[in-house]
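> Provided below: entry_13.cif, containing mmCIF, C-alpha atoms.
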data_target
#
loop_
_atom_site.label_atom_id
_atom_site.label_comp_id
_atom_site.auth_asym_id
_atom_site.auth_seq_id
_atom_site.Cartn_x
_atom_site.Cartn_y
_atom_site.Cartn_z
CA MET A 10 0.00 0.00 0.00
CA SER A 11 1.32 3.41 -0.92
CA ALA A 12 1.41 6.05 1.77
CA LYS A 13 -0.88 8.08 -0.49
CA GLU A 14 -3.63 5.80 0.79
CA SER A 15 -4.83 5.69 4.39
CA SER A 16 -1.86 5.41 6.77
CA ARG A 17 -1.38 5.83 10.48
CA TRP A 18 1.52 7.73 12.00
CA TYR A 19 3.27 7.99 15.37
CA ASP A 20 5.87 10.40 16.68
CA LEU A 21 9.15 9.12 18.07
CA ASN A 22 7.63 8.93 21.57
CA GLY A 23 4.91 6.56 20.37
CA THR A 24 2.08 9.10 20.38
CA ALA A 25 -0.46 8.51 17.62
CA ILE A 26 -0.95 11.45 15.26
CA GLU A 27 -4.66 11.45 14.50
CA GLN A 28 -5.16 15.01 13.25
CA VAL A 29 -3.09 18.02 12.17
CA PRO A 30 -4.11 21.68 11.74
CA ALA A 31 -5.71 22.52 8.39
CA LYS A 32 -4.77 25.70 6.52
CA LYS A 33 -8.35 26.93 6.43
CA GLY A 34 -8.98 26.14 10.08
CA GLY A 35 -10.00 22.99 11.85
CA THR A 36 -8.08 19.77 11.45
CA ARG A 37 -7.40 17.09 8.85
CA LYS A 38 -5.81 13.67 8.69
CA PRO A 39 -2.00 13.69 8.43
CA THR A 40 -0.35 12.89 5.12
CA ILE A 41 3.02 11.43 4.24
CA LYS A 42 4.19 15.01 3.60
CA ASP A 43 3.39 15.86 7.23
CA ALA A 44 5.18 12.70 8.32
CA ARG A 45 8.30 13.59 6.34
CA GLU A 46 8.40 17.10 7.77
CA ASN A 47 8.04 15.83 11.34
CA GLY A 48 9.99 12.57 11.17
CA TRP A 49 7.00 10.44 12.14
CA LEU A 50 6.92 6.65 12.07
CA PRO A 51 4.46 4.50 10.10
CA SER A 52 2.30 2.16 12.15
CA VAL A 53 2.83 -1.59 12.19
CA THR A 54 -0.56 -2.06 10.52
CA THR A 55 0.40 0.40 7.79
CA ILE A 56 3.49 -1.69 7.04
CA LEU A 57 1.46 -4.92 7.07
CA SER A 58 -1.02 -3.49 4.58
CA CYS A 59 1.61 -4.23 1.91
CA ALA A 60 0.98 -7.94 2.37
CA ALA A 61 -1.84 -9.90 0.76
CA LYS A 62 -4.67 -10.91 3.12
CA PRO A 63 -6.57 -13.79 1.51
CA ALA A 64 -8.85 -14.40 4.50
CA LEU A 65 -9.85 -10.72 4.72
CA ASP A 66 -10.40 -10.51 0.96
CA ARG A 67 -12.63 -13.59 1.07
CA TRP A 68 -14.64 -12.10 3.95
CA LYS A 69 -15.15 -8.91 1.94
CA GLN A 70 -16.33 -10.93 -1.05
CA LYS A 71 -18.81 -12.90 1.08
CA THR A 72 -20.07 -9.69 2.68
CA ALA A 73 -20.59 -8.07 -0.73
CA ILE A 74 -22.52 -11.10 -1.97
CA LEU A 75 -24.77 -11.11 1.11
CA ALA A 76 -25.38 -7.38 0.73
CA ALA A 77 -26.31 -7.83 -2.93
CA LEU A 78 -28.75 -10.62 -2.06
CA THR A 79 -30.51 -8.58 0.62
CA THR A 80 -30.49 -5.14 -1.02
CA PRO A 81 -33.51 -4.20 -3.17
CA ARG A 82 -32.76 -2.83 -6.62
CA LEU A 83 -33.97 0.72 -7.28
CA PRO A 84 -36.27 1.42 -10.24
CA ASP A 85 -34.31 1.94 -13.50
CA GLU A 86 -31.03 1.41 -11.62
CA THR A 87 -28.24 0.11 -13.86
CA GLU A 88 -26.19 -2.92 -12.89
CA ASP A 89 -23.09 -0.79 -12.42
CA ALA A 90 -24.94 1.72 -10.23
CA PHE A 91 -26.46 -1.08 -8.14
CA ALA A 92 -23.06 -2.73 -7.67
CA GLU A 93 -21.48 0.55 -6.60
CA ARG A 94 -24.29 1.23 -4.13
CA VAL A 95 -23.96 -2.22 -2.59
CA LEU A 96 -20.19 -1.84 -2.21
CA GLU A 97 -20.26 1.72 -0.87
CA VAL A 98 -23.35 1.64 1.36
CA ASP A 99 -24.75 -1.80 2.11
CA THR A 100 -21.45 -3.63 2.49
CA GLN A 101 -20.18 -0.85 4.74
CA SER A 102 -23.26 -1.03 6.96
CA ILE A 103 -22.70 -4.76 7.54
CA SER A 104 -19.04 -4.12 8.21
CA ASP A 105 -19.81 -1.29 10.62
CA ALA A 106 -22.22 -3.43 12.63
CA ALA A 107 -19.64 -6.19 13.00
CA LYS A 108 -16.92 -3.71 13.88
CA GLN A 109 -19.04 -2.03 16.55
CA HIS A 110 -19.80 -5.30 18.32
CA GLY A 111 -16.11 -6.18 18.14
CA LYS A 112 -15.19 -2.81 19.61
CA ASN A 113 -17.66 -3.31 22.46
CA VAL A 114 -16.19 -6.71 23.31
CA HIS A 115 -12.65 -5.37 23.04
CA ALA A 116 -13.44 -2.42 25.32
CA ALA A 117 -15.07 -4.71 27.89
CA ILE A 118 -11.98 -6.94 27.99
CA GLU A 119 -9.72 -3.93 28.52
CA GLN A 120 -11.94 -2.61 31.32
CA ALA A 121 -11.98 -6.01 33.02
CA LEU A 122 -8.20 -6.36 32.87
CA ASN A 123 -7.89 -2.90 34.38
CA GLY A 124 -10.17 -3.94 37.25
CA GLN A 125 -12.97 -1.67 36.06
CA PRO A 126 -16.68 -2.48 35.71
CA TYR A 127 -17.80 -3.44 32.23
CA ASP A 128 -21.01 -4.23 30.37
CA GLN A 129 -22.13 -7.51 31.96
CA THR A 130 -24.13 -8.46 28.89
CA LEU A 131 -20.73 -9.20 27.36
CA SER A 132 -19.46 -11.34 30.24
CA ALA A 133 -19.84 -14.57 28.24
CA TRP A 134 -17.23 -13.22 25.84
CA VAL A 135 -15.04 -11.55 28.45
CA GLU A 136 -14.67 -14.24 31.12
CA PRO A 137 -13.06 -16.92 28.91
CA VAL A 138 -10.52 -14.36 27.74
CA LEU A 139 -9.68 -13.38 31.32
CA LEU A 140 -9.08 -17.02 32.24
CA GLU A 141 -6.62 -17.40 29.37
CA CYS A 142 -4.87 -14.16 30.29
CA LEU A 143 -4.22 -15.40 33.83
CA LYS A 144 -1.85 -17.96 32.31
CA PHE A 145 0.41 -15.14 31.10
CA GLY A 146 0.95 -13.58 34.53
CA LYS A 147 -0.16 -10.17 35.73
CA PRO A 148 -1.18 -7.37 33.34
CA VAL A 149 1.42 -4.59 33.35
CA ALA A 150 0.19 -2.47 30.43
CA MET A 151 -2.96 -2.00 28.37
CA GLU A 152 -3.02 -0.22 25.01
CA LYS A 153 0.76 -0.02 25.21
CA SER A 154 2.45 2.28 22.68
CA ILE A 155 5.65 0.87 21.25
CA VAL A 156 8.43 2.34 19.12
CA GLY A 157 10.64 0.08 17.03
CA ASN A 158 13.36 0.74 14.49
CA GLY A 159 11.47 2.50 11.70
CA TYR A 160 7.94 1.76 12.94
CA ALA A 161 5.57 2.25 15.86
CA GLY A 162 2.22 1.00 17.07
CA LYS A 163 0.02 0.08 19.98
CA THR A 164 -0.52 -3.40 21.37
CA ASP A 165 -3.60 -4.45 23.32
CA SER A 166 -1.90 -5.79 26.44
CA VAL A 167 1.37 -6.84 28.04
CA PHE A 168 1.69 -9.40 30.83
CA GLU A 169 4.64 -10.19 33.11
CA ASN A 170 5.59 -13.45 34.80
CA ASP A 171 8.95 -14.01 36.51
CA GLY A 172 10.44 -11.04 34.68
CA LYS A 173 9.36 -12.27 31.24
CA LEU A 174 6.90 -10.31 29.10
CA THR A 175 4.10 -11.70 26.96
CA VAL A 176 2.48 -9.45 24.34
CA VAL A 177 -1.19 -10.30 23.79
CA ASP A 178 -3.54 -9.01 21.09
CA PHE A 179 -7.28 -9.66 20.99
CA LYS A 180 -8.91 -10.20 17.60
CA THR A 181 -12.69 -10.27 17.28
CA CYS A 182 -13.85 -12.15 14.19
CA SER A 183 -16.89 -13.57 12.44
CA THR A 184 -15.17 -16.94 12.00
CA ILE A 185 -12.56 -18.53 14.26
CA PRO A 186 -9.49 -19.26 12.11
CA LYS A 187 -8.07 -22.78 11.96
CA ALA A 188 -4.56 -21.30 12.08
CA GLN A 189 -3.11 -18.01 13.22
CA TYR A 190 -3.05 -15.43 10.44
CA ASP A 191 0.47 -14.61 9.26
CA GLU A 192 -0.09 -10.86 9.44
CA HIS A 193 -1.18 -11.16 13.07
CA LEU A 194 1.94 -13.14 13.98
CA MET A 195 4.12 -10.56 12.21
CA GLN A 196 2.29 -7.77 14.02
CA LEU A 197 2.97 -9.39 17.37
CA GLY A 198 6.57 -10.01 16.38
CA ALA A 199 7.06 -6.30 15.69
CA TYR A 200 5.64 -5.40 19.10
CA ALA A 201 7.60 -8.11 20.90
CA ASP A 202 10.91 -7.13 19.31
CA ALA A 203 10.44 -3.49 20.33
CA LEU A 204 9.57 -4.52 23.91
CA ASN A 205 12.16 -7.32 24.26
CA ALA A 206 9.30 -9.65 25.09
CA HIS A 207 9.66 -13.38 25.57
CA ARG A 208 6.35 -14.62 24.19
CA THR A 209 3.31 -13.45 22.20
CA ALA A 210 -0.29 -14.59 21.89
CA ASN A 211 -3.32 -13.91 19.72
CA ILE A 212 -6.71 -14.53 21.25
CA TYR A 213 -9.39 -14.80 18.55
CA ILE A 214 -12.89 -14.05 19.81
CA LEU A 215 -15.98 -15.09 17.87
CA THR A 216 -18.50 -12.24 17.92
CA SER A 217 -21.63 -14.21 17.02
CA GLN A 218 -21.36 -16.44 20.12
CA PRO A 219 -18.96 -16.89 23.07
CA GLU A 220 -16.05 -18.84 21.63
CA ILE A 221 -12.31 -18.19 21.64
CA LYS A 222 -9.13 -19.71 20.28
CA VAL A 223 -5.63 -18.94 21.52
CA PHE A 224 -2.37 -19.09 19.57
CA ILE A 225 0.79 -18.79 21.69
CA ASN A 226 4.13 -18.00 20.04
CA GLU A 227 7.40 -18.61 21.83
CA PHE A 228 10.49 -16.56 20.99
CA ASP A 229 11.72 -18.67 18.06
CA GLU A 230 8.35 -18.48 16.31
CA TRP A 231 7.60 -14.78 16.61
CA ALA A 232 11.24 -13.81 16.00
CA LYS A 233 11.19 -15.73 12.72
CA ALA A 234 7.98 -13.97 11.67
CA PHE A 235 9.56 -10.63 12.52
CA ASP A 236 12.88 -11.27 10.74
CA LYS A 237 11.56 -13.12 7.68
CA GLY A 238 8.17 -11.47 7.33
CA PHE A 239 7.83 -8.04 8.92
CA ILE A 240 11.31 -6.66 8.20
CA PRO A 241 11.10 -7.40 4.43
CA LEU A 242 7.68 -5.70 4.37
CA LEU A 243 9.11 -2.71 6.23
CA ASN A 244 11.95 -2.49 3.72
CA TYR A 245 9.47 -2.78 0.82
CA TRP A 246 7.18 -0.10 2.27
CA GLN A 247 10.13 2.24 2.76
CA TYR A 248 11.30 1.57 -0.80
CA ILE A 249 8.01 2.19 -2.60
CA ASN A 250 7.41 5.34 -0.55
CA SER A 251 11.03 6.58 -0.53
CA TYR A 252 10.59 6.97 3.19
CA GLU A 253 12.77 5.94 6.09
CA VAL A 254 12.97 7.04 9.68
CA VAL A 255 15.42 5.33 12.02
CA LYS A 256 14.70 5.33 15.76
#
With the file now loaded, output its structure as structure tokens.

Amino acid sequence: MSAKESSRWYDLNGTAIEQVPAKKGGTRKPTIKDARENGWLPSVTTILSCAAKPALDRWKQKTAILAALTTPRLPDETEDAFAERVLEVDTQSISDAAKQHGKNVHAAIEQALNGQPYDQTLSAWVEPVLLECLKFGKPVAMEKSIVGNGYAGKTDSVFENDGKLTVVDFKTCSTIPKAQYDEHLMQLGAYADALNAHRTANIYILTSQPEIKVFINEFDEWAKAFDKGFIPLLNYWQYINSYEVVK
């Protein structure tokens, strides 16, 4: 993905740059020009957007098909116009609904790990996650900003046990994967390398009903994903955008 498309940026302290002042007043989203002028770092997810995501692409295709099947055609609407409307409006509405439920579950997990009250209607999703998290030790950071060599980001949680850190990310999904997605392992590897962590874990959470699946990655596994997967993508992203910032 070129940086001309949607990208996320962080400063060298790990602070996300969401908006910048606009010339005519107000604010706007930052561009790669702003990033160059300020020496900002691309996010881990921005780097990973260079990689193909077959599972995500298939989900988008299925969502578009379902939207087309359930969306009434307007009078005298051409096929092209109908297809565009489905993709731009109906598909997005399905996606937004799924995303919102995922955000609610994610927020409830974070609140629970911080010892705060959360929406008890989501307890069936939250409690199994908490039980798995206990295996990683005590939580020492939530929504932890990280800064690596040429990239930055924010991981969901960090746990500590006997001086060893485990980086854990929660992924809500419509279908539990049979295997951990490569991009998620590379994402965790980037966080773990920046934090000198010992272990990583993805916890996939099914949104339609309470069900989870956990993938734990010891050092050798996530380090390989970082060295052989993430670093080449980082180099590629820097090359196609003529952009490089070293920590």
> Apply the PyMOL selection byres ((chain A and resi 144-160) around 6) to the structure shown and report the selected residues as number ranges by chain.
A: 23, 50-52, 141-143, 161-170, 203, 254-256
> Could you take the residues named above and write them with C-alpha atoms, as a compact mmCIF listing (two decimals), in the frame of the given file?

# COMPACT_ATOMS: atom_id res chain seq x y z
CA GLY A 23 4.91 6.56 20.37
CA LEU A 50 6.92 6.65 12.07
CA PRO A 51 4.46 4.50 10.10
CA SER A 52 2.30 2.16 12.15
CA GLU A 141 -6.62 -17.40 29.37
CA CYS A 142 -4.87 -14.16 30.29
CA LEU A 143 -4.22 -15.40 33.83
CA ALA A 161 5.57 2.25 15.86
CA GLY A 162 2.22 1.00 17.07
CA LYS A 163 0.02 0.08 19.98
CA THR A 164 -0.52 -3.40 21.37
CA ASP A 165 -3.60 -4.45 23.32
CA SER A 166 -1.90 -5.79 26.44
CA VAL A 167 1.37 -6.84 28.04
CA PHE A 168 1.69 -9.40 30.83
CA GLU A 169 4.64 -10.19 33.11
CA ASN A 170 5.59 -13.45 34.80
CA ALA A 203 10.44 -3.49 20.33
CA VAL A 254 12.97 7.04 9.68
CA VAL A 255 15.42 5.33 12.02
CA LYS A 256 14.70 5.33 15.76
> Calculated over all atoms listed in the file, which of the candidates A:Glu253, A:Asp191, A:Glu220, A:Asp20 has the smallest distance to Gly238 (chain A)?
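Closest to Gly238 (chain A) of all the choices is A:Asp191.
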> Work out how far apart CA of Gly172 (chain A) and CA of Leu204 (chain A) are and give it in Å to one decimal.
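Here the two named atoms are 12.6 Å from each other.
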> Could you list the residues chosen by the PyMOL selection byres ((chain A and resi 197) around 12) in this structure as a PyMOL selection string?
chain A and resi 53-54+57+155+162-167+175-180+189-196+198-212+224-228+230-235+238-239
> Report, in Å to a single decimal, how far apart CA of Val138 (chain A) and CA of Leu215 (chain A) are.
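Value for the CA of Leu215 (chain A)-CA of Val138 (chain A) distance: 11.3 Å.
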> Place a sphere of radius 9 Å on (-0.3, 11.6, 16.8) in the file coordinates and name every protein, DNA or RNA residue with an atom inside or on its surface, counting all atoms listed in the file; give the answer as a list in words.
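Every polymer residue passing the test: Arg17, Trp18, Tyr19, Asp20, Gly23, Thr24, Ala25, Ile26, Glu27, Gln28, Val29, Pro39 and Trp49 of chain A.
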> Rounded to one decimal in Å, what is the spacing between CA of Glu93 (chain A) and CA of Ile41 (chain A)?
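Distance between the two atoms: 28.9 Å.
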